[in-house]
Amino acid sequence: MNAIITARPASGDRPAITWRAAGDRYVLIEYGEMKLDLELNFFVTSMAAHLAASPIKGLVEAAPGFRSLLLQYDPATIGRGDLVDAVEEVHDAQQSVRSLVIPSRLITLPIAFDDSESREAVRRYRTTIRQDAPNIRDNSNIDYIVDYNGLPDREALYATVTGTEWWNAYTGFFPGLPFMFPLDPRNAITVPKYNPTRTWTAEGAVGIGGPCVAIYPVEAPGGYQLFGRTLTVYDVLARHGVFQDDPILIRPGDRVRFERVSEEELLDLRTDVLENRYEYAIEDDPFSVAGYLAETSAMQAEAERLRIAREAAAEKVEVP
Amino acid sequence: MSDRHALFDVVSPGLQTSVQDYPGRLGLQSKGFFPAGPVDHLAFRIANALVGNDPGAAGLEIPMGRLRLRVLADTSVAVTGAEGSGITLNGAPLPMWETVRVVSGDEIACSIIKGPGFRLYLAVAGGIDVPVVMHSRATYTMGGIGGVEGRALSKGDVLHGWKAAAPPRLRVPMALRPPLVNDWEIEVMRGPHADPDYLTEQDWKDFVGRQWKVDLNSNRVGTRLESHRFGWARASGGVAGGHPSNVLDGSYPLGGINTNGDVPVILGPDGPTAGGFTVIGTVVHAGLWKVGQLRPGRDTIRFREVSLDEALALAGRTDYTTNPHHFEEL
C-alpha cells in the first residue's frame, strides 16, 4: 500500500501537487518542493479561500500548512476519489499564482521589546529547567537572536522586526497562533528553538523559531526565542468587540506590522483592550502576488547577501 | 421537554473528568482548534444510545475513575467503557452497558479503574447542558472553552441537563460490546509521510511489525509510544530543521502518528492542530476508539495496516454497534 495517492508535476506557474493518504477521513495535499518559498504559501492560501467560499459537498474543512492543505472529509458523503477529482478541478481553475490577489488584512500591532513578562518566562526557564542554556543571557533570548544572525546590536533586531510586514502563512498549534514570515526578504532572520522547551510563556509574547515569528495567543508552553510582547490576539470570552464574531484576530493570509512602543504604553493598551476602549488597527488590503513579486525582485540580491552573512554568523554560535 | 433540571452534584471529581460531546468542534482546525470530544467515541455514542439520546449528546468522560456523583433528579443513565472500575449505585454494583434508572438522592461512585480499558463514559437521558462554545459543548482545557468553564470537573460543581421522557431500558448484547484488552491491535493506514520519500520500506515494516508500549505520559493531547530509531529515507529535514523527522509545518490529522525526533505520538482530540514533524501513519476511524482505552504505562499496541476499503468497511461495522435497534430490551 502506498502513502502517495497520486501526483502531478508542476505546470507553468502551478506547483507540483502530491496527494498523500492520511487515514480514511483525511487527505494531505503537498505543493512544490520542501523549500521556504512564500509563493507556495500564496497558492495554499488562495486554494483554502476558494474551497471555503465554494464548498465541495462532504469536504468538512481544508486546513492550510506552509505548503500543504489537509482535507478532512465525510466518507459517507464523498469518496476519496471523487474528492481528489473535485479539488483537482479547483487546482486547474486557479489562475497563475503570480497573478493572484489574495483576501488579506493589514493588522498593525504595538510591540514592546524586551518586556518584563518575556524576561520572567526566560528567568523561570533558566532557574527551573536549564541553567546553562546558550540561548539565554541576562534572562533574555534577545542577544542570542542578535548573535545568531550576526546583527550589530539589539536595535538592529528591533528594526528587522518592525521593518517588514509579517505574512500569516497559517494559524494553528494552539487556537489563534499565527505562523508568520517576513514579506521583505531582507528581514528573514532565523534562530534555533529551545531545547528542551519552556513550560510557561505569557499570553501576547512574541517569539521566533526557525524562520517563523509567532504570537502566543494563550499562556502556554513553547519553544520559540522570545523578544517582545504585544496585544491579545485570542479571546474566547470576547471581552473586546473585535473578538465578537471570531475569537481569533489573525487569519491565514493576514499581515501584521509591528509598531514599537514602551512597555508602559503596551500595558496601558492591553488594559484598554480588556476594557474595550482600544481600536485594533485593521485595514482590508487585498494582497497582490504580482505586486509583491515586482516589489521584492529588486531586493533579492541584497537578501541573498544578507542570508549568506547570517549563515556565517550562525556557524559560530552554539545551538541549544 | 426542553426544561432544564439539576442532574448531578460532583462530590468527588476524579482525575480530569470532563463534559464532552461528539464529534466536537469540526471545521475549526484552520483557526487552531482540534475537535476535542471523547477519546473513545464508540463507548461514548453507545452510552447515549442507551438513554435515548442523539449519539453525540453531551456526557461525561471519566479517565482513571474515582468519580463520585450525587444524583439530583429522577432520570436514566448509562455507563460504558473500561472494566474494573467497581462502579456502584448506592453501594451496589451498577450494571454497565445498559439503561439504569436513578432517582434523586442516589449516589454513583467508582474507584480507580483497574482495566482493561482506561476511560468510563456516562450518559444521561436528555444530555448535559453546558454552554455551546464555538458549535460544541466539548471541554478543551488548553483553549479554556467548553464543558464547565473550559475545565475538568471540580468538587461542588452542579451539572444541569435537559428533562427527557424515560427511555426504554436497553442492554448492549455481549457480542456488540467493544472488546477491551491490554495488548491491542489498532488499524492504521500508511502516510501521509511514509515510504518511499520520508521513511524507508524497512522503517514501515518495523513500525507495523513491532509491539509498542504506551508511555505513562499519555493523555487527551497525545498517546506517546516508545523511542524508536527509524532509518529515514532522507539524511536531514533540510530547511525545515536538522532532523529527518522535520517537515515544513502543516496541519495534522486526528489519529495521526506524529513522529517528533524518534518518538511517535498518536494525536488525540485535544492535540496540536499543526506542526513541523512527519505523520508516518494515521489511525483509521474504526480504530480510533481504542486509543481512548489504552492504559498509560501498561498497555501495548501492534499496528495493523489496512486499505482504505477495509477501513471504511470496519467503520460501518463499528457504527452498527451504536444503533439502539441492535440492543436487547429489558
# chains A, B, ... in the order shown; residues from 1 in each chain; ligands from 1
call {"tool": "residues_around", "arguments": {"residues": "stretch 25-39 of chain A", "least_positions_apart": "2", "cutoff": "8 Å", "atoms": "only C-alpha atoms", "output": "number ranges by chain"}}
result
A: 10, 15-23, 41-44, 67-75, 97-98; B: 192, 238-240, 247-248, 253, 284-285
call {"tool": "interface_residues", "arguments": {"of": "chain A", "to": "chain B", "cutoff": "6 Å", "atoms": "only C-alpha atoms", "output": "VMD selection string"}}
result
chain A and resid 3 20 to 24 60 to 61 63 65 to 66 70 171 to 176
call {"tool": "write_last_selection", "arguments": {"atoms": "C-alpha atoms", "output": "PDB file, in the first residue's frame"}}
result
ATOM      1  CA  ALA A   3       1.091   6.634   1.084  1.00  0.00           C
ATOM      2  CA  ARG A  20      -0.996  11.672   0.362  1.00  0.00           C
ATOM      3  CA  ALA A  21      -3.234   9.300   2.315  1.00  0.00           C
ATOM      4  CA  ALA A  22      -3.962  10.320   5.927  1.00  0.00           C
ATOM      5  CA  GLY A  23      -6.387   7.696   7.193  1.00  0.00           C
ATOM      6  CA  ASP A  24      -9.954   7.217   5.971  1.00  0.00           C
ATOM      7  CA  VAL A  60     -15.502  19.224   6.194  1.00  0.00           C
ATOM      8  CA  GLU A  61     -12.529  21.576   6.070  1.00  0.00           C
ATOM      9  CA  ALA A  63      -6.694  23.321   6.826  1.00  0.00           C
ATOM     10  CA  GLY A  65       0.083  24.455   6.260  1.00  0.00           C
ATOM     11  CA  PHE A  66       3.108  26.265   4.862  1.00  0.00           C
ATOM     12  CA  LEU A  70      -5.106  18.927   4.908  1.00  0.00           C
ATOM     13  CA  THR A 171      -2.900  29.509  12.090  1.00  0.00           C
ATOM     14  CA  GLY A 172      -2.580  26.586  14.427  1.00  0.00           C
ATOM     15  CA  PHE A 173      -0.856  24.511  17.057  1.00  0.00           C
ATOM     16  CA  PHE A 174      -2.811  26.446  19.693  1.00  0.00           C
ATOM     17  CA  PRO A 175      -6.053  28.306  18.951  1.00  0.00           C
ATOM     18  CA  GLY A 176      -5.274  31.519  17.124  1.00  0.00           C
TER      19      GLY A 176
END
call {"tool": "atom_distance", "arguments": {"atom1": "atom CA of A:Thr128", "atom2": "atom CA of A:Gly223"}}
result
15.2 Å
call {"tool": "closest_atom_pairs", "arguments": {"of": "stretch 11-92 of chain B", "to": "stretch 215-227 of chain B", "cutoff": "12 Å", "atoms": "only C-alpha atoms", "output": "JSON lines"}}
result
{"residue": "B:Leu15", "atom": "CA", "partner": "B:Asn219", "partner_atom": "CA", "distance": 11.5}
{"residue": "B:Gln16", "atom": "CA", "partner": "B:Asn219", "partner_atom": "CA", "distance": 10.0}
{"residue": "B:Thr17", "atom": "CA", "partner": "B:Arg220", "partner_atom": "CA", "distance": 11.5}
{"residue": "B:Ser18", "atom": "CA", "partner": "B:Arg220", "partner_atom": "CA", "distance": 11.0}
{"residue": "B:Gln20", "atom": "CA", "partner": "B:Arg220", "partner_atom": "CA", "distance": 11.9}
{"residue": "B:Phe33", "atom": "CA", "partner": "B:Val221", "partner_atom": "CA", "distance": 11.9}
{"residue": "B:Phe34", "atom": "CA", "partner": "B:Val221", "partner_atom": "CA", "distance": 9.6}
{"residue": "B:Pro35", "atom": "CA", "partner": "B:Val221", "partner_atom": "CA", "distance": 11.1}
{"residue": "B:Ala36", "atom": "CA", "partner": "B:Arg220", "partner_atom": "CA", "distance": 8.3}
{"residue": "B:Gly37", "atom": "CA", "partner": "B:Arg220", "partner_atom": "CA", "distance": 9.5}
{"residue": "B:Pro38", "atom": "CA", "partner": "B:Arg220", "partner_atom": "CA", "distance": 8.8}
{"residue": "B:Val39", "atom": "CA", "partner": "B:Arg220", "partner_atom": "CA", "distance": 6.9}
{"residue": "B:Asp40", "atom": "CA", "partner": "B:Arg220", "partner_atom": "CA", "distance": 10.4}
{"residue": "B:Glu61", "atom": "CA", "partner": "B:Arg220", "partner_atom": "CA", "distance": 10.9}
{"residue": "B:Ile62", "atom": "CA", "partner": "B:Arg220", "partner_atom": "CA", "distance": 11.8}
{"residue": "B:Pro63", "atom": "CA", "partner": "B:Asn219", "partner_atom": "CA", "distance": 9.3}
{"residue": "B:Met64", "atom": "CA", "partner": "B:Asn219", "partner_atom": "CA", "distance": 11.0}
call {"tool": "write_last_selection", "arguments": {"atoms": "N, CA and C atoms", "output": "mmCIF file, in the first residue's frame"}}
result
data_model
loop_
_atom_site.group_PDB
_atom_site.id
_atom_site.type_symbol
_atom_site.label_atom_id
_atom_site.label_comp_id
_atom_site.auth_asym_id
_atom_site.auth_seq_id
_atom_site.Cartn_x
_atom_site.Cartn_y
_atom_site.Cartn_z
ATOM 1 N N LEU B 15 -10.152 12.289 38.334
ATOM 2 C CA LEU B 15 -8.939 12.853 37.767
ATOM 3 C C LEU B 15 -9.227 13.271 36.340
ATOM 4 N N GLN B 16 -9.451 14.550 36.111
ATOM 5 C CA GLN B 16 -9.686 15.072 34.761
ATOM 6 C C GLN B 16 -10.975 14.556 34.129
ATOM 7 N N THR B 17 -12.022 14.379 34.944
ATOM 8 C CA THR B 17 -13.345 14.078 34.375
ATOM 9 C C THR B 17 -13.848 15.329 33.646
ATOM 10 N N SER B 18 -14.398 15.142 32.435
ATOM 11 C CA SER B 18 -14.824 16.313 31.661
ATOM 12 C C SER B 18 -16.121 16.044 30.914
ATOM 13 N N GLN B 20 -18.028 16.098 27.508
ATOM 14 C CA GLN B 20 -17.664 16.034 26.091
ATOM 15 C C GLN B 20 -18.917 15.855 25.254
ATOM 16 N N PHE B 33 -8.056 24.892 16.293
ATOM 17 C CA PHE B 33 -8.810 24.025 17.202
ATOM 18 C C PHE B 33 -8.871 22.603 16.672
ATOM 19 N N PHE B 34 -8.366 21.631 17.442
ATOM 20 C CA PHE B 34 -8.664 20.232 17.182
ATOM 21 C C PHE B 34 -10.077 19.986 17.727
ATOM 22 N N PRO B 35 -10.715 18.830 17.392
ATOM 23 C CA PRO B 35 -12.153 18.741 17.685
ATOM 24 C C PRO B 35 -12.522 18.615 19.155
ATOM 25 N N ALA B 36 -11.598 18.172 20.040
ATOM 26 C CA ALA B 36 -11.979 17.759 21.399
ATOM 27 C C ALA B 36 -13.004 16.630 21.277
ATOM 28 N N GLY B 37 -13.859 16.396 22.272
ATOM 29 C CA GLY B 37 -14.782 15.257 22.216
ATOM 30 C C GLY B 37 -14.146 14.028 22.862
ATOM 31 N N PRO B 38 -14.946 12.945 22.982
ATOM 32 C CA PRO B 38 -14.461 11.755 23.695
ATOM 33 C C PRO B 38 -13.302 11.086 22.946
ATOM 34 N N VAL B 39 -12.316 10.586 23.686
ATOM 35 C CA VAL B 39 -11.239 9.860 23.011
ATOM 36 C C VAL B 39 -11.782 8.527 22.493
ATOM 37 N N ASP B 40 -12.621 7.841 23.314
ATOM 38 C CA ASP B 40 -13.299 6.624 22.841
ATOM 39 C C ASP B 40 -14.696 7.033 22.354
ATOM 40 N N GLU B 61 -16.778 12.101 30.303
ATOM 41 C CA GLU B 61 -15.635 11.213 30.087
ATOM 42 C C GLU B 61 -14.884 11.133 31.405
ATOM 43 N N ILE B 62 -14.648 9.904 31.858
ATOM 44 C CA ILE B 62 -14.076 9.696 33.193
ATOM 45 C C ILE B 62 -12.795 8.871 33.064
ATOM 46 N N PRO B 63 -11.640 9.514 32.919
ATOM 47 C CA PRO B 63 -10.408 8.750 32.828
ATOM 48 C C PRO B 63 -9.955 8.318 34.223
ATOM 49 N N MET B 64 -9.477 7.117 34.351
ATOM 50 C CA MET B 64 -8.894 6.605 35.597
ATOM 51 C C MET B 64 -9.881 6.378 36.721
#
call {"tool": "residues_around", "arguments": {"residues": "B:Asp3", "least_positions_apart": "6", "cutoff": "9 Å", "atoms": "only C-alpha atoms", "output": "list of chain:residue names"}}
result
B:Gly161, B:Trp162, B:Lys163, B:Ala164
call {"tool": "write_last_selection", "arguments": {"atoms": "N, CA and C atoms", "output": "short mmCIF file (atom, residue, chain, number, x, y, z; two decimals), in the first residue's frame"}}
result
data_model
loop_
_atom_site.label_atom_id
_atom_site.label_comp_id
_atom_site.auth_asym_id
_atom_site.auth_seq_id
_atom_site.Cartn_x
_atom_site.Cartn_y
_atom_site.Cartn_z
N GLY B 161 -29.06 19.53 33.12
CA GLY B 161 -29.35 18.87 31.86
C GLY B 161 -30.76 19.16 31.42
N TRP B 162 -31.12 18.56 30.32
CA TRP B 162 -32.47 18.74 29.77
C TRP B 162 -33.36 17.60 30.25
N LYS B 163 -34.57 17.95 30.63
CA LYS B 163 -35.53 16.89 31.01
C LYS B 163 -35.89 16.09 29.76
N ALA B 164 -36.05 14.78 29.94
CA ALA B 164 -36.41 13.92 28.80
C ALA B 164 -37.35 12.84 29.28
#
call {"tool": "residues_around", "arguments": {"residues": "B:Ala78", "least_positions_apart": "6", "cutoff": "8 Å", "atoms": "only C-alpha atoms", "output": "PDB file with N, CA and C atoms, in the first residue's frame"}}
result
ATOM      1  N   ALA B  47     -23.258   4.804  24.971  1.00  0.00           N
ATOM      2  CA  ALA B  47     -23.880   5.261  26.226  1.00  0.00           C
ATOM      3  C   ALA B  47     -25.068   6.170  25.920  1.00  0.00           C
ATOM      4  N   ASN B  48     -24.900   7.074  24.972  1.00  0.00           N
ATOM      5  CA  ASN B  48     -26.009   7.963  24.605  1.00  0.00           C
ATOM      6  C   ASN B  48     -27.178   7.191  24.005  1.00  0.00           C
ATOM      7  N   LEU B  50     -28.111   4.281  24.676  1.00  0.00           N
ATOM      8  CA  LEU B  50     -28.790   3.533  25.737  1.00  0.00           C
ATOM      9  C   LEU B  50     -29.786   4.386  26.521  1.00  0.00           C
ATOM     10  N   VAL B  51     -29.608   5.709  26.507  1.00  0.00           N
ATOM     11  CA  VAL B  51     -30.545   6.564  27.243  1.00  0.00           C
ATOM     12  C   VAL B  51     -31.431   7.366  26.293  1.00  0.00           C
ATOM     13  N   MET B  96     -23.115  -2.125  33.792  1.00  0.00           N
ATOM     14  CA  MET B  96     -22.652  -1.306  32.671  1.00  0.00           C
ATOM     15  C   MET B  96     -23.306  -1.767  31.381  1.00  0.00           C
ATOM     16  N   TRP B  97     -23.199  -0.935  30.342  1.00  0.00           N
ATOM     17  CA  TRP B  97     -23.727  -1.235  29.003  1.00  0.00           C
ATOM     18  C   TRP B  97     -25.234  -1.440  29.028  1.00  0.00           C
ATOM     19  N   GLU B  98     -25.937  -0.802  29.976  1.00  0.00           N
ATOM     20  CA  GLU B  98     -27.401  -0.854  29.946  1.00  0.00           C
ATOM     21  C   GLU B  98     -28.010   0.397  30.560  1.00  0.00           C
ATOM     22  N   THR B  99     -29.295   0.621  30.248  1.00  0.00           N
ATOM     23  CA  THR B  99     -30.030   1.766  30.788  1.00  0.00           C
ATOM     24  C   THR B  99     -30.318   1.500  32.259  1.00  0.00           C
ATOM     25  N   VAL B 100     -29.999   2.470  33.114  1.00  0.00           N
ATOM     26  CA  VAL B 100     -30.208   2.311  34.551  1.00  0.00           C
ATOM     27  C   VAL B 100     -31.050   3.483  35.048  1.00  0.00           C
ATOM     28  N   LEU B 122     -20.285   8.236  30.836  1.00  0.00           N
ATOM     29  CA  LEU B 122     -21.582   8.269  31.483  1.00  0.00           C
ATOM     30  C   LEU B 122     -22.489   9.206  30.695  1.00  0.00           C
ATOM     31  N   ALA B 123     -23.601   8.633  30.208  1.00  0.00           N
ATOM     32  CA  ALA B 123     -24.597   9.456  29.507  1.00  0.00           C
ATOM     33  C   ALA B 123     -25.845   9.516  30.366  1.00  0.00           C
ATOM     34  N   VAL B 124     -26.582  10.616  30.232  1.00  0.00           N
ATOM     35  CA  VAL B 124     -27.812  10.788  30.999  1.00  0.00           C
ATOM     36  C   VAL B 124     -28.910  11.212  30.026  1.00  0.00           C
TER      37      VAL B 124
END
call {"tool": "closest_residue", "arguments": {"among": "B:Leu42, B:Leu67, B:Ala57, B:Ala165", "to": "B:Thr322", "atoms": "only C-alpha atoms"}}
result
B:Leu42
call {"tool": "atom_distance", "arguments": {"atom1": "atom CA of B:Pro168", "atom2": "atom CA of B:Ser76"}}
result
9.5 Å
call {"tool": "atom_distance", "arguments": {"atom1": "atom CA of B:Leu176", "atom2": "atom CA of B:Leu7"}}
result
29.0 Å
call {"tool": "decode", "arguments": {"residues": "stretch 54-170 of chain B", "atoms": "C-alpha atoms", "output": "PDB file, in the first residue's frame"}}
result
ATOM      1  CA  ASP B  54     -28.662  11.638  19.979  1.00  0.00           C
ATOM      2  CA  PRO B  55     -25.325   9.720  19.865  1.00  0.00           C
ATOM      3  CA  GLY B  56     -23.368  12.969  20.089  1.00  0.00           C
ATOM      4  CA  ALA B  57     -25.175  14.458  23.123  1.00  0.00           C
ATOM      5  CA  ALA B  58     -23.025  15.848  25.932  1.00  0.00           C
ATOM      6  CA  GLY B  59     -21.976  13.305  28.568  1.00  0.00           C
ATOM      7  CA  LEU B  60     -19.055  12.629  30.878  1.00  0.00           C
ATOM      8  CA  GLU B  61     -15.635  11.213  30.087  1.00  0.00           C
ATOM      9  CA  ILE B  62     -14.076   9.696  33.193  1.00  0.00           C
ATOM     10  CA  PRO B  63     -10.408   8.750  32.828  1.00  0.00           C
ATOM     11  CA  MET B  64      -8.894   6.605  35.597  1.00  0.00           C
ATOM     12  CA  GLY B  65     -12.090   6.699  37.673  1.00  0.00           C
ATOM     13  CA  ARG B  66     -12.538   7.933  41.272  1.00  0.00           C
ATOM     14  CA  LEU B  67     -15.655   9.895  40.429  1.00  0.00           C
ATOM     15  CA  ARG B  68     -18.486  10.319  42.949  1.00  0.00           C
ATOM     16  CA  LEU B  69     -21.767  11.943  41.942  1.00  0.00           C
ATOM     17  CA  ARG B  70     -24.912  12.657  43.930  1.00  0.00           C
ATOM     18  CA  VAL B  71     -27.941  12.325  41.663  1.00  0.00           C
ATOM     19  CA  LEU B  72     -30.307  15.317  41.855  1.00  0.00           C
ATOM     20  CA  ALA B  73     -33.102  14.174  39.505  1.00  0.00           C
ATOM     21  CA  ASP B  74     -35.191  11.124  38.649  1.00  0.00           C
ATOM     22  CA  THR B  75     -33.754  10.073  35.312  1.00  0.00           C
ATOM     23  CA  SER B  76     -31.881   7.340  33.403  1.00  0.00           C
ATOM     24  CA  VAL B  77     -28.150   6.918  32.964  1.00  0.00           C
ATOM     25  CA  ALA B  78     -25.861   4.503  31.137  1.00  0.00           C
ATOM     26  CA  VAL B  79     -22.209   3.780  31.830  1.00  0.00           C
ATOM     27  CA  THR B  80     -19.910   2.224  29.227  1.00  0.00           C
ATOM     28  CA  GLY B  81     -16.180   1.839  28.660  1.00  0.00           C
ATOM     29  CA  ALA B  82     -13.409   0.479  30.862  1.00  0.00           C
ATOM     30  CA  GLU B  83     -13.726  -2.587  33.070  1.00  0.00           C
ATOM     31  CA  GLY B  84     -12.570  -2.847  36.652  1.00  0.00           C
ATOM     32  CA  SER B  85     -13.866   0.483  37.946  1.00  0.00           C
ATOM     33  CA  GLY B  86     -16.008  -1.065  40.674  1.00  0.00           C
ATOM     34  CA  ILE B  87     -18.751   1.385  39.733  1.00  0.00           C
ATOM     35  CA  THR B  88     -21.697   1.354  42.118  1.00  0.00           C
ATOM     36  CA  LEU B  89     -25.154   2.818  42.544  1.00  0.00           C
ATOM     37  CA  ASN B  90     -25.820   3.363  46.261  1.00  0.00           C
ATOM     38  CA  GLY B  91     -23.048   0.888  47.052  1.00  0.00           C
ATOM     39  CA  ALA B  92     -24.364  -1.979  44.888  1.00  0.00           C
ATOM     40  CA  PRO B  93     -22.716  -2.803  41.537  1.00  0.00           C
ATOM     41  CA  LEU B  94     -24.070  -0.597  38.751  1.00  0.00           C
ATOM     42  CA  PRO B  95     -24.621  -2.690  35.616  1.00  0.00           C
ATOM     43  CA  MET B  96     -22.652  -1.306  32.671  1.00  0.00           C
ATOM     44  CA  TRP B  97     -23.727  -1.235  29.003  1.00  0.00           C
ATOM     45  CA  GLU B  98     -27.401  -0.854  29.946  1.00  0.00           C
ATOM     46  CA  THR B  99     -30.030   1.766  30.788  1.00  0.00           C
ATOM     47  CA  VAL B 100     -30.208   2.311  34.551  1.00  0.00           C
ATOM     48  CA  ARG B 101     -32.968   4.245  36.325  1.00  0.00           C
ATOM     49  CA  VAL B 102     -31.796   6.577  39.076  1.00  0.00           C
ATOM     50  CA  VAL B 103     -33.661   8.813  41.499  1.00  0.00           C
ATOM     51  CA  SER B 104     -32.797  11.993  43.324  1.00  0.00           C
ATOM     52  CA  GLY B 105     -30.546  11.229  46.290  1.00  0.00           C
ATOM     53  CA  ASP B 106     -28.823   8.250  44.665  1.00  0.00           C
ATOM     54  CA  GLU B 107     -25.054   8.121  44.615  1.00  0.00           C
ATOM     55  CA  ILE B 108     -22.914   6.882  41.716  1.00  0.00           C
ATOM     56  CA  ALA B 109     -19.294   6.136  42.589  1.00  0.00           C
ATOM     57  CA  CYS B 110     -16.320   4.374  41.110  1.00  0.00           C
ATOM     58  CA  SER B 111     -12.821   3.601  42.315  1.00  0.00           C
ATOM     59  CA  ILE B 112      -9.547   3.751  40.394  1.00  0.00           C
ATOM     60  CA  ILE B 113     -10.074   1.918  37.099  1.00  0.00           C
ATOM     61  CA  LYS B 114      -8.081  -1.302  37.042  1.00  0.00           C
ATOM     62  CA  GLY B 115      -8.819  -2.140  33.438  1.00  0.00           C
ATOM     63  CA  PRO B 116      -8.683  -3.487  30.895  1.00  0.00           C
ATOM     64  CA  GLY B 117      -9.553  -0.108  29.441  1.00  0.00           C
ATOM     65  CA  PHE B 118      -8.898   3.349  30.866  1.00  0.00           C
ATOM     66  CA  ARG B 119     -11.953   5.598  30.420  1.00  0.00           C
ATOM     67  CA  LEU B 120     -15.579   5.328  31.512  1.00  0.00           C
ATOM     68  CA  TYR B 121     -18.383   7.203  29.784  1.00  0.00           C
ATOM     69  CA  LEU B 122     -21.582   8.269  31.483  1.00  0.00           C
ATOM     70  CA  ALA B 123     -24.597   9.456  29.507  1.00  0.00           C
ATOM     71  CA  VAL B 124     -27.812  10.788  30.999  1.00  0.00           C
ATOM     72  CA  ALA B 125     -31.233  10.975  29.347  1.00  0.00           C
ATOM     73  CA  GLY B 126     -31.615  14.397  27.711  1.00  0.00           C
ATOM     74  CA  GLY B 127     -27.894  15.130  27.856  1.00  0.00           C
ATOM     75  CA  ILE B 128     -25.836  17.528  29.970  1.00  0.00           C
ATOM     76  CA  ASP B 129     -26.433  21.217  29.412  1.00  0.00           C
ATOM     77  CA  VAL B 130     -23.327  23.366  29.407  1.00  0.00           C
ATOM     78  CA  PRO B 131     -22.910  26.412  27.150  1.00  0.00           C
ATOM     79  CA  VAL B 132     -22.197  25.766  23.488  1.00  0.00           C
ATOM     80  CA  VAL B 133     -18.878  27.417  22.662  1.00  0.00           C
ATOM     81  CA  MET B 134     -17.840  27.504  19.024  1.00  0.00           C
ATOM     82  CA  HIS B 135     -20.502  24.992  17.950  1.00  0.00           C
ATOM     83  CA  SER B 136     -19.782  22.409  20.665  1.00  0.00           C
ATOM     84  CA  ARG B 137     -20.109  21.610  24.381  1.00  0.00           C
ATOM     85  CA  ALA B 138     -16.877  19.579  24.398  1.00  0.00           C
ATOM     86  CA  THR B 139     -14.315  20.603  27.007  1.00  0.00           C
ATOM     87  CA  TYR B 140     -10.989  21.794  25.599  1.00  0.00           C
ATOM     88  CA  THR B 141      -8.920  22.798  28.605  1.00  0.00           C
ATOM     89  CA  MET B 142      -5.958  24.353  26.791  1.00  0.00           C
ATOM     90  CA  GLY B 143      -8.230  26.737  24.901  1.00  0.00           C
ATOM     91  CA  GLY B 144     -10.232  27.270  28.092  1.00  0.00           C
ATOM     92  CA  ILE B 145     -13.518  26.519  26.357  1.00  0.00           C
ATOM     93  CA  GLY B 146     -16.449  24.102  26.502  1.00  0.00           C
ATOM     94  CA  GLY B 147     -17.723  21.939  29.345  1.00  0.00           C
ATOM     95  CA  VAL B 148     -17.810  23.598  32.752  1.00  0.00           C
ATOM     96  CA  GLU B 149     -15.901  26.885  32.368  1.00  0.00           C
ATOM     97  CA  GLY B 150     -13.426  25.279  29.977  1.00  0.00           C
ATOM     98  CA  ARG B 151     -12.009  22.981  32.652  1.00  0.00           C
ATOM     99  CA  ALA B 152     -12.248  19.485  34.126  1.00  0.00           C
ATOM    100  CA  LEU B 153     -14.887  18.958  36.817  1.00  0.00           C
ATOM    101  CA  SER B 154     -14.254  20.196  40.356  1.00  0.00           C
ATOM    102  CA  LYS B 155     -15.786  19.202  43.668  1.00  0.00           C
ATOM    103  CA  GLY B 156     -19.001  21.125  44.180  1.00  0.00           C
ATOM    104  CA  ASP B 157     -19.866  21.588  40.504  1.00  0.00           C
ATOM    105  CA  VAL B 158     -23.555  21.046  39.837  1.00  0.00           C
ATOM    106  CA  LEU B 159     -24.290  19.713  36.363  1.00  0.00           C
ATOM    107  CA  HIS B 160     -27.598  20.568  34.736  1.00  0.00           C
ATOM    108  CA  GLY B 161     -29.346  18.869  31.858  1.00  0.00           C
ATOM    109  CA  TRP B 162     -32.465  18.737  29.774  1.00  0.00           C
ATOM    110  CA  LYS B 163     -35.527  16.890  31.008  1.00  0.00           C
ATOM    111  CA  ALA B 164     -36.408  13.924  28.796  1.00  0.00           C
ATOM    112  CA  ALA B 165     -39.082  11.239  28.705  1.00  0.00           C
ATOM    113  CA  ALA B 166     -37.920   7.989  30.316  1.00  0.00           C
ATOM    114  CA  PRO B 167     -36.244   5.947  27.559  1.00  0.00           C
ATOM    115  CA  PRO B 168     -36.912   2.204  27.180  1.00  0.00           C
ATOM    116  CA  ARG B 169     -34.464   0.096  29.171  1.00  0.00           C
ATOM    117  CA  LEU B 170     -31.911  -1.436  26.855  1.00  0.00           C
TER     118      LEU B 170
END
